[in-house]
Structures are given as structure tokens and as C-alpha cells.
$ cat data.txt   # compact mmCIF, N, CA and C atoms and all ligand atoms
# COMPACT_ATOMS: atom_id res chain seq x y z
N MET A 16 -4.33 -34.19 49.68
CA MET A 16 -4.23 -32.84 50.26
C MET A 16 -4.50 -31.81 49.16
N SER A 17 -5.39 -30.93 49.47
CA SER A 17 -5.71 -29.91 48.46
C SER A 17 -4.58 -28.89 48.33
N LEU A 18 -4.43 -28.41 47.21
CA LEU A 18 -3.39 -27.43 46.91
C LEU A 18 -3.56 -26.18 47.76
N PHE A 19 -4.82 -25.81 48.00
CA PHE A 19 -5.09 -24.54 48.68
C PHE A 19 -4.88 -24.61 50.18
N GLN A 20 -4.84 -25.88 50.73
CA GLN A 20 -4.64 -26.00 52.17
C GLN A 20 -3.16 -25.94 52.53
N ASN A 21 -2.33 -26.15 51.54
CA ASN A 21 -0.90 -26.12 51.78
C ASN A 21 -0.44 -24.66 51.80
N ARG A 22 0.02 -24.21 52.94
CA ARG A 22 0.40 -22.80 53.09
C ARG A 22 1.61 -22.46 52.22
N GLN A 23 2.41 -23.51 52.01
CA GLN A 23 3.62 -23.26 51.22
C GLN A 23 3.31 -22.92 49.76
N ASN A 24 2.10 -23.32 49.36
CA ASN A 24 1.74 -23.03 47.97
C ASN A 24 1.26 -21.61 47.76
N GLY A 25 1.03 -20.92 48.87
CA GLY A 25 0.54 -19.54 48.79
C GLY A 25 1.33 -18.66 47.85
N PRO A 26 2.60 -18.50 48.11
CA PRO A 26 3.40 -17.61 47.25
C PRO A 26 3.44 -18.08 45.80
N LYS A 27 3.42 -19.41 45.61
CA LYS A 27 3.44 -19.94 44.24
C LYS A 27 2.18 -19.54 43.50
N ARG A 28 1.05 -19.63 44.22
CA ARG A 28 -0.23 -19.27 43.59
C ARG A 28 -0.21 -17.80 43.19
N LEU A 29 0.34 -17.01 44.09
CA LEU A 29 0.39 -15.57 43.83
C LEU A 29 1.20 -15.30 42.56
N THR A 30 2.33 -16.02 42.46
CA THR A 30 3.18 -15.87 41.28
C THR A 30 2.41 -16.23 40.03
N LEU A 31 1.63 -17.35 40.15
CA LEU A 31 0.87 -17.82 39.00
C LEU A 31 -0.17 -16.78 38.59
N ILE A 32 -0.87 -16.21 39.59
CA ILE A 32 -1.90 -15.21 39.30
C ILE A 32 -1.26 -13.99 38.66
N THR A 33 -0.12 -13.57 39.21
CA THR A 33 0.58 -12.41 38.66
C THR A 33 0.97 -12.66 37.21
N LEU A 34 1.46 -13.89 36.97
CA LEU A 34 1.89 -14.27 35.63
C LEU A 34 0.72 -14.21 34.65
N CYS A 35 -0.43 -14.75 35.10
CA CYS A 35 -1.61 -14.74 34.24
C CYS A 35 -2.03 -13.32 33.91
N ALA A 36 -2.00 -12.47 34.92
CA ALA A 36 -2.41 -11.08 34.74
C ALA A 36 -1.45 -10.41 33.75
N LEU A 37 -0.18 -10.72 33.91
CA LEU A 37 0.83 -10.13 33.03
C LEU A 37 0.62 -10.54 31.58
N VAL A 38 0.41 -11.86 31.41
CA VAL A 38 0.26 -12.38 30.04
C VAL A 38 -0.99 -11.80 29.39
N SER A 39 -2.10 -11.79 30.14
CA SER A 39 -3.33 -11.26 29.53
C SER A 39 -3.19 -9.76 29.27
N GLY A 40 -2.43 -9.11 30.15
CA GLY A 40 -2.19 -7.68 29.94
C GLY A 40 -1.42 -7.45 28.66
N LEU A 41 -0.42 -8.30 28.42
CA LEU A 41 0.39 -8.19 27.20
C LEU A 41 -0.45 -8.44 25.97
N THR A 42 -1.36 -9.44 26.09
CA THR A 42 -2.21 -9.78 24.95
C THR A 42 -3.10 -8.60 24.59
N ILE A 43 -3.63 -7.95 25.62
CA ILE A 43 -4.50 -6.80 25.38
C ILE A 43 -3.68 -5.67 24.75
N ALA A 44 -2.47 -5.46 25.26
CA ALA A 44 -1.62 -4.41 24.72
C ALA A 44 -1.34 -4.66 23.25
N ALA A 45 -1.12 -5.94 22.89
CA ALA A 45 -0.83 -6.28 21.50
C ALA A 45 -2.03 -5.99 20.62
N ASP A 46 -3.24 -6.16 21.17
CA ASP A 46 -4.46 -5.96 20.41
C ASP A 46 -4.69 -4.50 20.03
N VAL A 47 -4.21 -3.58 20.86
CA VAL A 47 -4.51 -2.17 20.61
C VAL A 47 -3.39 -1.45 19.85
N LYS A 48 -2.44 -2.24 19.34
CA LYS A 48 -1.37 -1.64 18.52
C LYS A 48 -1.99 -0.88 17.35
N PRO A 49 -1.51 0.28 17.03
CA PRO A 49 -2.11 1.03 15.93
C PRO A 49 -1.93 0.30 14.61
N SER A 50 -2.99 0.26 13.81
CA SER A 50 -2.92 -0.45 12.54
C SER A 50 -2.14 0.36 11.52
N ALA A 51 -1.84 1.61 11.85
CA ALA A 51 -1.11 2.49 10.94
C ALA A 51 0.31 1.98 10.67
N SER A 52 0.72 0.93 11.42
CA SER A 52 2.07 0.42 11.23
C SER A 52 2.26 -0.20 9.86
N THR A 53 1.17 -0.50 9.13
CA THR A 53 1.30 -1.08 7.80
C THR A 53 1.43 0.01 6.73
N ASP A 54 1.31 1.27 7.11
CA ASP A 54 1.36 2.38 6.17
C ASP A 54 2.65 2.33 5.33
N GLY A 55 2.45 2.37 4.02
CA GLY A 55 3.61 2.35 3.13
C GLY A 55 4.04 0.95 2.71
N GLN A 56 3.47 -0.07 3.37
CA GLN A 56 3.81 -1.45 2.99
C GLN A 56 2.96 -1.88 1.81
N ILE A 57 3.27 -3.06 1.28
CA ILE A 57 2.53 -3.59 0.14
C ILE A 57 1.42 -4.49 0.65
N ASP A 58 0.20 -4.24 0.17
CA ASP A 58 -0.92 -5.10 0.54
C ASP A 58 -0.70 -6.48 -0.10
N PRO A 59 -0.60 -7.54 0.73
CA PRO A 59 -0.25 -8.84 0.16
C PRO A 59 -1.31 -9.39 -0.80
N SER A 60 -2.57 -9.00 -0.62
CA SER A 60 -3.60 -9.59 -1.48
C SER A 60 -3.66 -8.94 -2.85
N SER A 61 -3.29 -7.66 -2.96
CA SER A 61 -3.42 -6.98 -4.24
C SER A 61 -2.10 -6.47 -4.81
N GLY A 62 -1.15 -6.20 -3.92
CA GLY A 62 0.11 -5.62 -4.39
C GLY A 62 0.11 -4.10 -4.37
N PHE A 63 -1.02 -3.51 -3.93
CA PHE A 63 -1.08 -2.04 -3.85
C PHE A 63 -0.29 -1.53 -2.66
N ILE A 64 0.28 -0.35 -2.80
CA ILE A 64 0.96 0.30 -1.69
C ILE A 64 -0.12 0.76 -0.70
N ILE A 65 0.07 0.43 0.59
CA ILE A 65 -0.91 0.80 1.61
C ILE A 65 -0.70 2.26 2.00
N LYS A 66 -1.53 3.10 1.44
CA LYS A 66 -1.53 4.53 1.73
C LYS A 66 -2.99 4.95 1.72
N PRO A 67 -3.31 6.12 2.30
CA PRO A 67 -4.72 6.53 2.33
C PRO A 67 -5.38 6.41 0.96
N GLY A 68 -6.52 5.72 0.93
CA GLY A 68 -7.28 5.58 -0.31
C GLY A 68 -7.08 4.24 -1.00
N PHE A 69 -6.15 3.43 -0.48
CA PHE A 69 -5.84 2.20 -1.21
C PHE A 69 -6.99 1.20 -1.23
N GLU A 70 -7.80 1.14 -0.13
CA GLU A 70 -8.92 0.21 -0.10
C GLU A 70 -9.91 0.53 -1.22
N MET A 71 -10.11 1.82 -1.45
CA MET A 71 -11.06 2.26 -2.46
C MET A 71 -10.56 1.89 -3.86
N VAL A 72 -9.27 2.13 -4.07
CA VAL A 72 -8.68 1.79 -5.37
C VAL A 72 -8.72 0.27 -5.57
N ARG A 73 -8.41 -0.45 -4.50
CA ARG A 73 -8.45 -1.92 -4.60
C ARG A 73 -9.86 -2.38 -4.94
N ALA A 74 -10.86 -1.76 -4.32
CA ALA A 74 -12.24 -2.17 -4.55
C ALA A 74 -12.69 -1.88 -5.99
N HIS A 75 -12.31 -0.70 -6.50
CA HIS A 75 -12.79 -0.32 -7.84
C HIS A 75 -11.92 -0.83 -8.97
N CYS A 76 -10.65 -0.93 -8.74
CA CYS A 76 -9.72 -1.13 -9.86
C CYS A 76 -9.25 -2.56 -10.03
N THR A 77 -9.82 -3.50 -9.28
CA THR A 77 -9.44 -4.89 -9.48
C THR A 77 -10.65 -5.73 -9.90
N ALA A 78 -11.78 -5.04 -10.18
CA ALA A 78 -13.00 -5.76 -10.54
C ALA A 78 -12.89 -6.40 -11.92
N CYS A 79 -12.20 -5.76 -12.85
CA CYS A 79 -12.14 -6.27 -14.22
C CYS A 79 -10.78 -6.84 -14.60
N HIS A 80 -9.75 -6.32 -13.98
CA HIS A 80 -8.42 -6.82 -14.33
C HIS A 80 -7.56 -6.87 -13.09
N SER A 81 -6.40 -7.45 -13.26
CA SER A 81 -5.47 -7.60 -12.15
C SER A 81 -4.99 -6.23 -11.66
N ALA A 82 -4.66 -6.18 -10.37
CA ALA A 82 -4.11 -4.94 -9.82
C ALA A 82 -2.77 -4.63 -10.47
N LYS A 83 -2.13 -5.65 -11.00
CA LYS A 83 -0.83 -5.47 -11.65
C LYS A 83 -0.91 -4.49 -12.81
N LEU A 84 -2.03 -4.52 -13.52
CA LEU A 84 -2.22 -3.61 -14.65
C LEU A 84 -2.14 -2.17 -14.15
N VAL A 85 -2.57 -1.95 -12.91
CA VAL A 85 -2.50 -0.60 -12.32
C VAL A 85 -1.10 -0.35 -11.80
N THR A 86 -0.58 -1.29 -10.99
CA THR A 86 0.67 -1.02 -10.27
C THR A 86 1.90 -1.01 -11.18
N GLN A 87 1.79 -1.61 -12.37
CA GLN A 87 2.96 -1.58 -13.26
C GLN A 87 3.04 -0.26 -14.02
N ASN A 88 2.00 0.57 -13.87
CA ASN A 88 1.98 1.84 -14.58
C ASN A 88 2.45 3.00 -13.71
N HIS A 89 3.03 3.97 -14.34
CA HIS A 89 3.40 5.21 -13.67
C HIS A 89 2.98 6.34 -14.60
N MET A 90 2.00 7.13 -14.15
CA MET A 90 1.50 8.21 -15.01
C MET A 90 1.25 9.46 -14.19
N SER A 91 1.18 10.55 -14.92
CA SER A 91 0.78 11.80 -14.29
C SER A 91 -0.70 11.70 -13.93
N ARG A 92 -1.16 12.60 -13.06
CA ARG A 92 -2.57 12.64 -12.68
C ARG A 92 -3.47 12.78 -13.91
N GLU A 93 -3.01 13.62 -14.85
CA GLU A 93 -3.77 13.86 -16.06
C GLU A 93 -3.93 12.57 -16.87
N ARG A 94 -2.86 11.80 -16.99
CA ARG A 94 -2.93 10.57 -17.76
C ARG A 94 -3.73 9.49 -17.04
N TRP A 95 -3.70 9.49 -15.71
CA TRP A 95 -4.55 8.56 -14.97
C TRP A 95 -6.01 8.89 -15.26
N LEU A 96 -6.33 10.18 -15.28
CA LEU A 96 -7.70 10.58 -15.56
C LEU A 96 -8.10 10.17 -16.98
N THR A 97 -7.19 10.38 -17.93
CA THR A 97 -7.46 9.98 -19.32
C THR A 97 -7.72 8.48 -19.41
N THR A 98 -6.94 7.69 -18.66
CA THR A 98 -7.11 6.24 -18.66
C THR A 98 -8.48 5.86 -18.09
N ILE A 99 -8.85 6.53 -17.00
CA ILE A 99 -10.17 6.26 -16.39
C ILE A 99 -11.28 6.63 -17.38
N ARG A 100 -11.14 7.79 -18.01
CA ARG A 100 -12.16 8.21 -19.00
C ARG A 100 -12.26 7.22 -20.15
N TRP A 101 -11.09 6.73 -20.58
CA TRP A 101 -11.07 5.76 -21.69
C TRP A 101 -11.81 4.48 -21.27
N MET A 102 -11.57 4.02 -20.04
CA MET A 102 -12.24 2.80 -19.57
C MET A 102 -13.74 3.05 -19.43
N GLN A 103 -14.10 4.26 -19.01
CA GLN A 103 -15.52 4.58 -18.86
C GLN A 103 -16.21 4.60 -20.22
N LYS A 104 -15.49 5.10 -21.21
CA LYS A 104 -16.08 5.23 -22.55
C LYS A 104 -16.15 3.89 -23.27
N THR A 105 -15.10 3.08 -23.11
CA THR A 105 -15.00 1.89 -23.95
C THR A 105 -15.08 0.57 -23.20
N GLN A 106 -14.89 0.58 -21.86
CA GLN A 106 -14.80 -0.69 -21.13
C GLN A 106 -15.87 -0.83 -20.04
N ASN A 107 -16.89 0.01 -20.10
CA ASN A 107 -17.98 -0.06 -19.13
C ASN A 107 -17.57 0.24 -17.70
N LEU A 108 -16.49 0.98 -17.51
CA LEU A 108 -16.16 1.39 -16.15
C LEU A 108 -17.24 2.37 -15.68
N TRP A 109 -17.72 2.13 -14.47
CA TRP A 109 -18.79 2.92 -13.89
C TRP A 109 -18.29 4.31 -13.45
N PRO A 110 -19.22 5.25 -13.22
CA PRO A 110 -18.80 6.56 -12.70
C PRO A 110 -18.19 6.38 -11.30
N LEU A 111 -17.17 7.14 -11.00
CA LEU A 111 -16.48 7.02 -9.72
C LEU A 111 -16.70 8.29 -8.90
N PRO A 112 -17.61 8.26 -7.93
CA PRO A 112 -17.86 9.46 -7.12
C PRO A 112 -16.60 9.87 -6.35
N GLN A 113 -15.73 8.91 -6.05
CA GLN A 113 -14.50 9.20 -5.29
C GLN A 113 -13.32 9.39 -6.23
N GLU A 114 -13.60 9.86 -7.43
CA GLU A 114 -12.56 9.97 -8.44
C GLU A 114 -11.36 10.82 -7.98
N GLU A 115 -11.66 11.92 -7.27
CA GLU A 115 -10.57 12.80 -6.81
C GLU A 115 -9.61 12.04 -5.89
N GLU A 116 -10.18 11.29 -4.94
CA GLU A 116 -9.34 10.54 -4.00
C GLU A 116 -8.57 9.44 -4.73
N ILE A 117 -9.23 8.81 -5.69
CA ILE A 117 -8.57 7.76 -6.46
C ILE A 117 -7.39 8.35 -7.24
N LEU A 118 -7.61 9.52 -7.84
CA LEU A 118 -6.52 10.18 -8.59
C LEU A 118 -5.41 10.63 -7.65
N ASP A 119 -5.79 11.09 -6.45
CA ASP A 119 -4.77 11.47 -5.45
C ASP A 119 -3.87 10.27 -5.16
N TYR A 120 -4.53 9.15 -4.89
CA TYR A 120 -3.78 7.94 -4.54
C TYR A 120 -2.89 7.50 -5.70
N LEU A 121 -3.47 7.45 -6.91
CA LEU A 121 -2.72 6.95 -8.06
C LEU A 121 -1.54 7.85 -8.40
N SER A 122 -1.77 9.16 -8.37
CA SER A 122 -0.67 10.05 -8.77
C SER A 122 0.40 10.14 -7.68
N ALA A 123 -0.02 9.92 -6.41
CA ALA A 123 0.98 9.97 -5.33
C ALA A 123 1.83 8.71 -5.32
N ASN A 124 1.21 7.55 -5.59
CA ASN A 124 1.93 6.29 -5.44
C ASN A 124 2.36 5.66 -6.75
N TYR A 125 1.68 6.02 -7.84
CA TYR A 125 2.03 5.49 -9.15
C TYR A 125 2.13 6.65 -10.13
N GLY A 126 2.77 7.68 -9.66
CA GLY A 126 2.92 8.90 -10.46
C GLY A 126 4.05 8.76 -11.45
N GLU A 127 4.21 9.82 -12.23
CA GLU A 127 5.27 9.81 -13.23
C GLU A 127 6.61 9.72 -12.52
N ARG A 128 7.46 8.85 -13.01
CA ARG A 128 8.78 8.73 -12.41
C ARG A 128 9.66 9.84 -12.92
N ALA A 129 10.48 10.34 -12.02
CA ALA A 129 11.45 11.35 -12.44
C ALA A 129 12.40 10.67 -13.43
N MET A 130 12.70 11.34 -14.50
CA MET A 130 13.61 10.76 -15.49
C MET A 130 15.00 10.69 -14.89
N GLY A 131 15.57 9.52 -14.90
CA GLY A 131 16.93 9.38 -14.40
C GLY A 131 17.87 9.99 -15.42
N ARG A 132 18.78 10.81 -14.98
CA ARG A 132 19.73 11.40 -15.93
C ARG A 132 21.12 10.95 -15.53
N ARG A 133 21.81 10.36 -16.50
CA ARG A 133 23.15 9.90 -16.19
C ARG A 133 24.09 11.09 -16.11
N ALA A 134 25.24 10.86 -15.49
CA ALA A 134 26.25 11.92 -15.40
C ALA A 134 26.80 12.22 -16.80
N SER A 135 27.28 13.43 -17.00
CA SER A 135 27.84 13.83 -18.30
C SER A 135 29.05 12.96 -18.63
N LEU A 136 29.27 12.79 -19.91
CA LEU A 136 30.46 12.05 -20.34
C LEU A 136 31.72 12.85 -19.99
N PRO A 137 32.80 12.14 -19.64
CA PRO A 137 34.04 12.88 -19.40
C PRO A 137 34.55 13.51 -20.70
N GLU A 138 35.32 14.54 -20.56
CA GLU A 138 35.78 15.33 -21.71
C GLU A 138 36.40 14.48 -22.83
N HIS A 139 37.25 13.49 -22.44
CA HIS A 139 37.96 12.72 -23.47
C HIS A 139 37.04 11.80 -24.27
N LEU A 140 35.82 11.59 -23.81
CA LEU A 140 34.88 10.77 -24.56
C LEU A 140 33.94 11.60 -25.43
N MET A 141 34.05 12.91 -25.27
CA MET A 141 33.17 13.79 -26.03
C MET A 141 33.68 13.93 -27.46
N PRO A 142 32.79 14.17 -28.42
CA PRO A 142 33.25 14.37 -29.80
C PRO A 142 34.18 15.59 -29.89
N LYS A 143 35.12 15.51 -30.83
CA LYS A 143 36.06 16.62 -31.00
C LYS A 143 35.31 17.86 -31.44
N LYS A 144 35.70 18.98 -30.85
CA LYS A 144 35.04 20.23 -31.23
C LYS A 144 35.49 20.64 -32.63
N VAL A 145 34.57 21.11 -33.42
CA VAL A 145 34.90 21.58 -34.77
C VAL A 145 35.45 23.00 -34.64
N LYS A 146 36.67 23.20 -35.21
CA LYS A 146 37.28 24.53 -35.05
C LYS A 146 36.96 25.43 -36.21
C1 LIG B 1 -15.41 -2.19 -15.82
C2 LIG B 1 -14.14 -2.85 -15.93
C3 LIG B 1 -12.91 -2.07 -15.46
C4 LIG B 1 -12.69 -1.48 -14.25
C5 LIG B 1 -13.61 -1.44 -13.06
C6 LIG B 1 -11.38 -0.89 -14.31
N1 LIG B 1 -10.81 -1.16 -15.53
FE1 LIG B 1 -8.93 -0.67 -16.09
N2 LIG B 1 -9.20 -1.63 -17.85
C7 LIG B 1 -10.33 -2.32 -18.21
C8 LIG B 1 -10.09 -3.00 -19.48
C9 LIG B 1 -11.08 -3.89 -20.20
C10 LIG B 1 -8.77 -2.69 -19.83
C11 LIG B 1 -8.01 -3.18 -21.04
C12 LIG B 1 -7.32 -4.45 -20.61
C13 LIG B 1 -6.39 -4.97 -21.64
O1 LIG B 1 -5.93 -4.20 -22.49
O2 LIG B 1 -6.09 -6.16 -21.56
C14 LIG B 1 -8.22 -1.83 -18.80
C15 LIG B 1 -6.95 -1.34 -18.81
C16 LIG B 1 -6.40 -0.57 -17.79
C17 LIG B 1 -5.05 -0.02 -17.81
C18 LIG B 1 -4.04 -0.18 -18.92
C19 LIG B 1 -4.28 0.91 -19.91
C20 LIG B 1 -3.29 0.88 -21.03
O3 LIG B 1 -3.19 1.92 -21.70
O4 LIG B 1 -2.65 -0.14 -21.25
C21 LIG B 1 -4.89 0.67 -16.65
C22 LIG B 1 -3.66 1.43 -16.22
C23 LIG B 1 -6.13 0.55 -15.91
N3 LIG B 1 -7.02 -0.22 -16.63
C24 LIG B 1 -6.35 1.13 -14.67
C25 LIG B 1 -7.54 1.04 -13.98
C26 LIG B 1 -7.80 1.76 -12.75
C27 LIG B 1 -6.85 2.71 -12.07
C28 LIG B 1 -9.06 1.41 -12.36
C29 LIG B 1 -9.82 1.92 -11.16
C30 LIG B 1 -10.17 3.32 -11.18
C31 LIG B 1 -9.58 0.47 -13.35
N4 LIG B 1 -8.63 0.27 -14.32
C32 LIG B 1 -10.83 -0.14 -13.29
C33 LIG B 1 -11.51 -2.39 -17.52
C34 LIG B 1 -11.70 -1.89 -16.24
$ encode --input "data.txt" --output "C-alpha cells"
Amino acid sequence: MSLFQNRQNGPKRLTLITLCALVSGLTIAADVKPSASTDGQIDPSSGFIIKPGFEMVRAHCTACHSAKLVTQNHMSRERWLTTIRWMQKTQNLWPLPQEEEILDYLSANYGERAMGRRASLPEHLMPKKVK
């Protein structure tokens, strides 16, 4: 007996079709999730912070050395530029037409760290005042 001739199977088939539609609908919904959800995360292949411009930095700045050499550093924009100029002068680094964006990315994500300042010593630990 064919499945389709059995009237009792009607509602079951409908459930199955609905289920299929639901599942494929969910799959499509998952596909269109915005990729921006990775913003601020660490790129697993390079270790760079995922922020605007990171693909460009990854492309240019991992050709000769590890990305770690970049990510372990924290410098002002000026010092990043000096480092780039030094590599261009002495290490054959090519001209970077996107230098501004690269500097934006580096100084925003690997910028100078604010100096941590500890709390003041309590009075009794301070040197005696000279009278
Ligand atoms: C053409 C090759 C090349 C490319 C491309 C390159 N570098 Fe370098 N970079 C070097 C060399 C060589 C060194 C020295 C490595 C060493 O000391 O072991 C270096 C060192 C560095 C250092 C350490 C400097 C220091 O004072 O210790 C930093 C930071 C750096 N590179 C950042 C970058 C960034 C950011 C980019 C992308 C804009 C980049 N590099 C692209 C060749 C390159």
C-alpha cells in the first residue's frame, strides 16, 4: 500500500512538509546573520583584533614576520609611523597607499597604553617631613 493512498497519513505528511519548511527557513536565517558579530574579537589565524582595517593590516604586516611582533607592541600613532618608515628604509617594506588606515587601526587597537598609576602611599608609610 502506497503511503499516499492512506488517508490517515495526510496530516503526518503535512507535518513533515511543515517541518522541512521550518528547518530550511532556519538554515536560511542562520546564513544571513550579520558578520559584524565578530567585531572586536581576535582573528584566530593571526591574533589581530577584528576591527575595521584589520584585513589590510593582516595582509601587509604578516608578510615578513609574525603578527605577534605587531600585536605585542603598543605605540603612539607617531611611533607606529616611525616603525613603518624604519622598515621601509632598512627592511624593504614597500610603500603603503593605505598607510592612513593602517595607522588608524594600529593606534586605535595597539595604541599607547595609559600609564597605570598606583594609589598614593598612606601617610604612615611616607618619609618623615624635615622640619
Ligand atoms: C618587507 C618586510 C616587512 C613587512 C612587510 C613588515 N615588516 Fe615589520 N619588520 C620587518 C623586519 C625585518 C623587522 C625586524 C625583525 C626583527 O628584529 O627580528 C620588523 C620589525 C617590526 C617591528 C618591531 C620593531 C622593533 O622596534 O622591535 C614592528 C612593531 C613591526 N615590524 C611592525 C610592522 C607592521 C605594523 C607592518 C605592516 C605595516 C610590518 N611590520 C610589515 C620587516 C617587515
$ atom_distance --input "data.txt" --atom1 "atom C of His89 of chain A" --atom2 "atom CA of Arg133 of chain A"
20.5 Å
$ atom_distance --input "data.txt" --atom1 "atom CA of Ser91 of chain A" --atom2 "atom CA of Tyr120 of chain A"
11.4 Å
$ residues_near_ligand --input "data.txt" --ligand "ligand LIG 1 (chain B)" --cutoff "8 Å" --atoms "only C-alpha atoms and all ligand atoms" --output "PDB file with N, CA and C atoms, in the frame of the given file"
ATOM      1  N   VAL A  72      -9.270   2.130  -4.070  1.00  0.00           N
ATOM      2  CA  VAL A  72      -8.680   1.790  -5.370  1.00  0.00           C
ATOM      3  C   VAL A  72      -8.720   0.270  -5.570  1.00  0.00           C
ATOM      4  N   ARG A  73      -8.410  -0.450  -4.500  1.00  0.00           N
ATOM      5  CA  ARG A  73      -8.450  -1.920  -4.600  1.00  0.00           C
ATOM      6  C   ARG A  73      -9.860  -2.380  -4.940  1.00  0.00           C
ATOM      7  N   HIS A  75     -12.310  -0.700  -6.500  1.00  0.00           N
ATOM      8  CA  HIS A  75     -12.790  -0.320  -7.840  1.00  0.00           C
ATOM      9  C   HIS A  75     -11.920  -0.830  -8.970  1.00  0.00           C
ATOM     10  N   CYS A  76     -10.650  -0.930  -8.740  1.00  0.00           N
ATOM     11  CA  CYS A  76      -9.720  -1.130  -9.860  1.00  0.00           C
ATOM     12  C   CYS A  76      -9.250  -2.560 -10.030  1.00  0.00           C
ATOM     13  N   THR A  77      -9.820  -3.500  -9.280  1.00  0.00           N
ATOM     14  CA  THR A  77      -9.440  -4.890  -9.480  1.00  0.00           C
ATOM     15  C   THR A  77     -10.650  -5.730  -9.900  1.00  0.00           C
ATOM     16  N   ALA A  78     -11.780  -5.040 -10.180  1.00  0.00           N
ATOM     17  CA  ALA A  78     -13.000  -5.760 -10.540  1.00  0.00           C
ATOM     18  C   ALA A  78     -12.890  -6.400 -11.920  1.00  0.00           C
ATOM     19  N   CYS A  79     -12.200  -5.760 -12.850  1.00  0.00           N
ATOM     20  CA  CYS A  79     -12.140  -6.270 -14.220  1.00  0.00           C
ATOM     21  C   CYS A  79     -10.780  -6.840 -14.600  1.00  0.00           C
ATOM     22  N   HIS A  80      -9.750  -6.320 -13.980  1.00  0.00           N
ATOM     23  CA  HIS A  80      -8.420  -6.820 -14.330  1.00  0.00           C
ATOM     24  C   HIS A  80      -7.560  -6.870 -13.090  1.00  0.00           C
ATOM     25  N   LEU A  84      -2.030  -4.520 -13.520  1.00  0.00           N
ATOM     26  CA  LEU A  84      -2.220  -3.610 -14.650  1.00  0.00           C
ATOM     27  C   LEU A  84      -2.140  -2.170 -14.150  1.00  0.00           C
ATOM     28  N   VAL A  85      -2.570  -1.950 -12.910  1.00  0.00           N
ATOM     29  CA  VAL A  85      -2.500  -0.600 -12.320  1.00  0.00           C
ATOM     30  C   VAL A  85      -1.100  -0.350 -11.800  1.00  0.00           C
ATOM     31  N   THR A  86      -0.580  -1.290 -10.990  1.00  0.00           N
ATOM     32  CA  THR A  86       0.670  -1.020 -10.270  1.00  0.00           C
ATOM     33  C   THR A  86       1.900  -1.010 -11.180  1.00  0.00           C
ATOM     34  N   GLN A  87       1.790  -1.610 -12.370  1.00  0.00           N
ATOM     35  CA  GLN A  87       2.960  -1.580 -13.260  1.00  0.00           C
ATOM     36  C   GLN A  87       3.040  -0.260 -14.020  1.00  0.00           C
ATOM     37  N   ASN A  88       2.000   0.570 -13.870  1.00  0.00           N
ATOM     38  CA  ASN A  88       1.980   1.840 -14.580  1.00  0.00           C
ATOM     39  C   ASN A  88       2.450   3.000 -13.710  1.00  0.00           C
ATOM     40  N   TRP A  95      -3.700   9.490 -15.710  1.00  0.00           N
ATOM     41  CA  TRP A  95      -4.550   8.560 -14.970  1.00  0.00           C
ATOM     42  C   TRP A  95      -6.010   8.890 -15.260  1.00  0.00           C
ATOM     43  N   THR A  98      -6.940   7.690 -18.660  1.00  0.00           N
ATOM     44  CA  THR A  98      -7.110   6.240 -18.660  1.00  0.00           C
ATOM     45  C   THR A  98      -8.480   5.860 -18.090  1.00  0.00           C
ATOM     46  N   ILE A  99      -8.850   6.530 -17.000  1.00  0.00           N
ATOM     47  CA  ILE A  99     -10.170   6.260 -16.390  1.00  0.00           C
ATOM     48  C   ILE A  99     -11.280   6.630 -17.380  1.00  0.00           C
ATOM     49  N   MET A 102     -11.570   4.020 -20.040  1.00  0.00           N
ATOM     50  CA  MET A 102     -12.240   2.800 -19.570  1.00  0.00           C
ATOM     51  C   MET A 102     -13.740   3.050 -19.430  1.00  0.00           C
ATOM     52  N   GLN A 103     -14.100   4.260 -19.010  1.00  0.00           N
ATOM     53  CA  GLN A 103     -15.520   4.580 -18.860  1.00  0.00           C
ATOM     54  C   GLN A 103     -16.210   4.600 -20.220  1.00  0.00           C
ATOM     55  N   THR A 105     -15.100   3.080 -23.110  1.00  0.00           N
ATOM     56  CA  THR A 105     -15.000   1.890 -23.950  1.00  0.00           C
ATOM     57  C   THR A 105     -15.080   0.570 -23.200  1.00  0.00           C
ATOM     58  N   GLN A 106     -14.890   0.580 -21.860  1.00  0.00           N
ATOM     59  CA  GLN A 106     -14.800  -0.690 -21.130  1.00  0.00           C
ATOM     60  C   GLN A 106     -15.870  -0.830 -20.040  1.00  0.00           C
ATOM     61  N   ASN A 107     -16.890   0.010 -20.100  1.00  0.00           N
ATOM     62  CA  ASN A 107     -17.980  -0.060 -19.130  1.00  0.00           C
ATOM     63  C   ASN A 107     -17.570   0.240 -17.700  1.00  0.00           C
ATOM     64  N   LEU A 108     -16.490   0.980 -17.510  1.00  0.00           N
ATOM     65  CA  LEU A 108     -16.160   1.390 -16.150  1.00  0.00           C
ATOM     66  C   LEU A 108     -17.240   2.370 -15.680  1.00  0.00           C
ATOM     67  N   TRP A 109     -17.720   2.130 -14.470  1.00  0.00           N
ATOM     68  CA  TRP A 109     -18.790   2.920 -13.890  1.00  0.00           C
ATOM     69  C   TRP A 109     -18.290   4.310 -13.450  1.00  0.00           C
ATOM     70  N   LEU A 111     -17.170   7.140 -11.000  1.00  0.00           N
ATOM     71  CA  LEU A 111     -16.480   7.020  -9.720  1.00  0.00           C
ATOM     72  C   LEU A 111     -16.700   8.290  -8.900  1.00  0.00           C
ATOM     73  N   GLU A 114     -13.600   9.860  -7.430  1.00  0.00           N
ATOM     74  CA  GLU A 114     -12.560   9.970  -8.440  1.00  0.00           C
ATOM     75  C   GLU A 114     -11.360  10.820  -7.980  1.00  0.00           C
ATOM     76  N   ILE A 117      -9.230   8.810  -5.690  1.00  0.00           N
ATOM     77  CA  ILE A 117      -8.570   7.760  -6.460  1.00  0.00           C
ATOM     78  C   ILE A 117      -7.390   8.350  -7.240  1.00  0.00           C
ATOM     79  N   LEU A 121      -3.470   7.450  -6.910  1.00  0.00           N
ATOM     80  CA  LEU A 121      -2.720   6.950  -8.060  1.00  0.00           C
ATOM     81  C   LEU A 121      -1.540   7.850  -8.400  1.00  0.00           C
TER      82      LEU A 121
END
$ atom_distance --input "data.txt" --atom1 "atom C of Met90 of chain A" --atom2 "atom CA of Asp119 of chain A"
10.8 Å
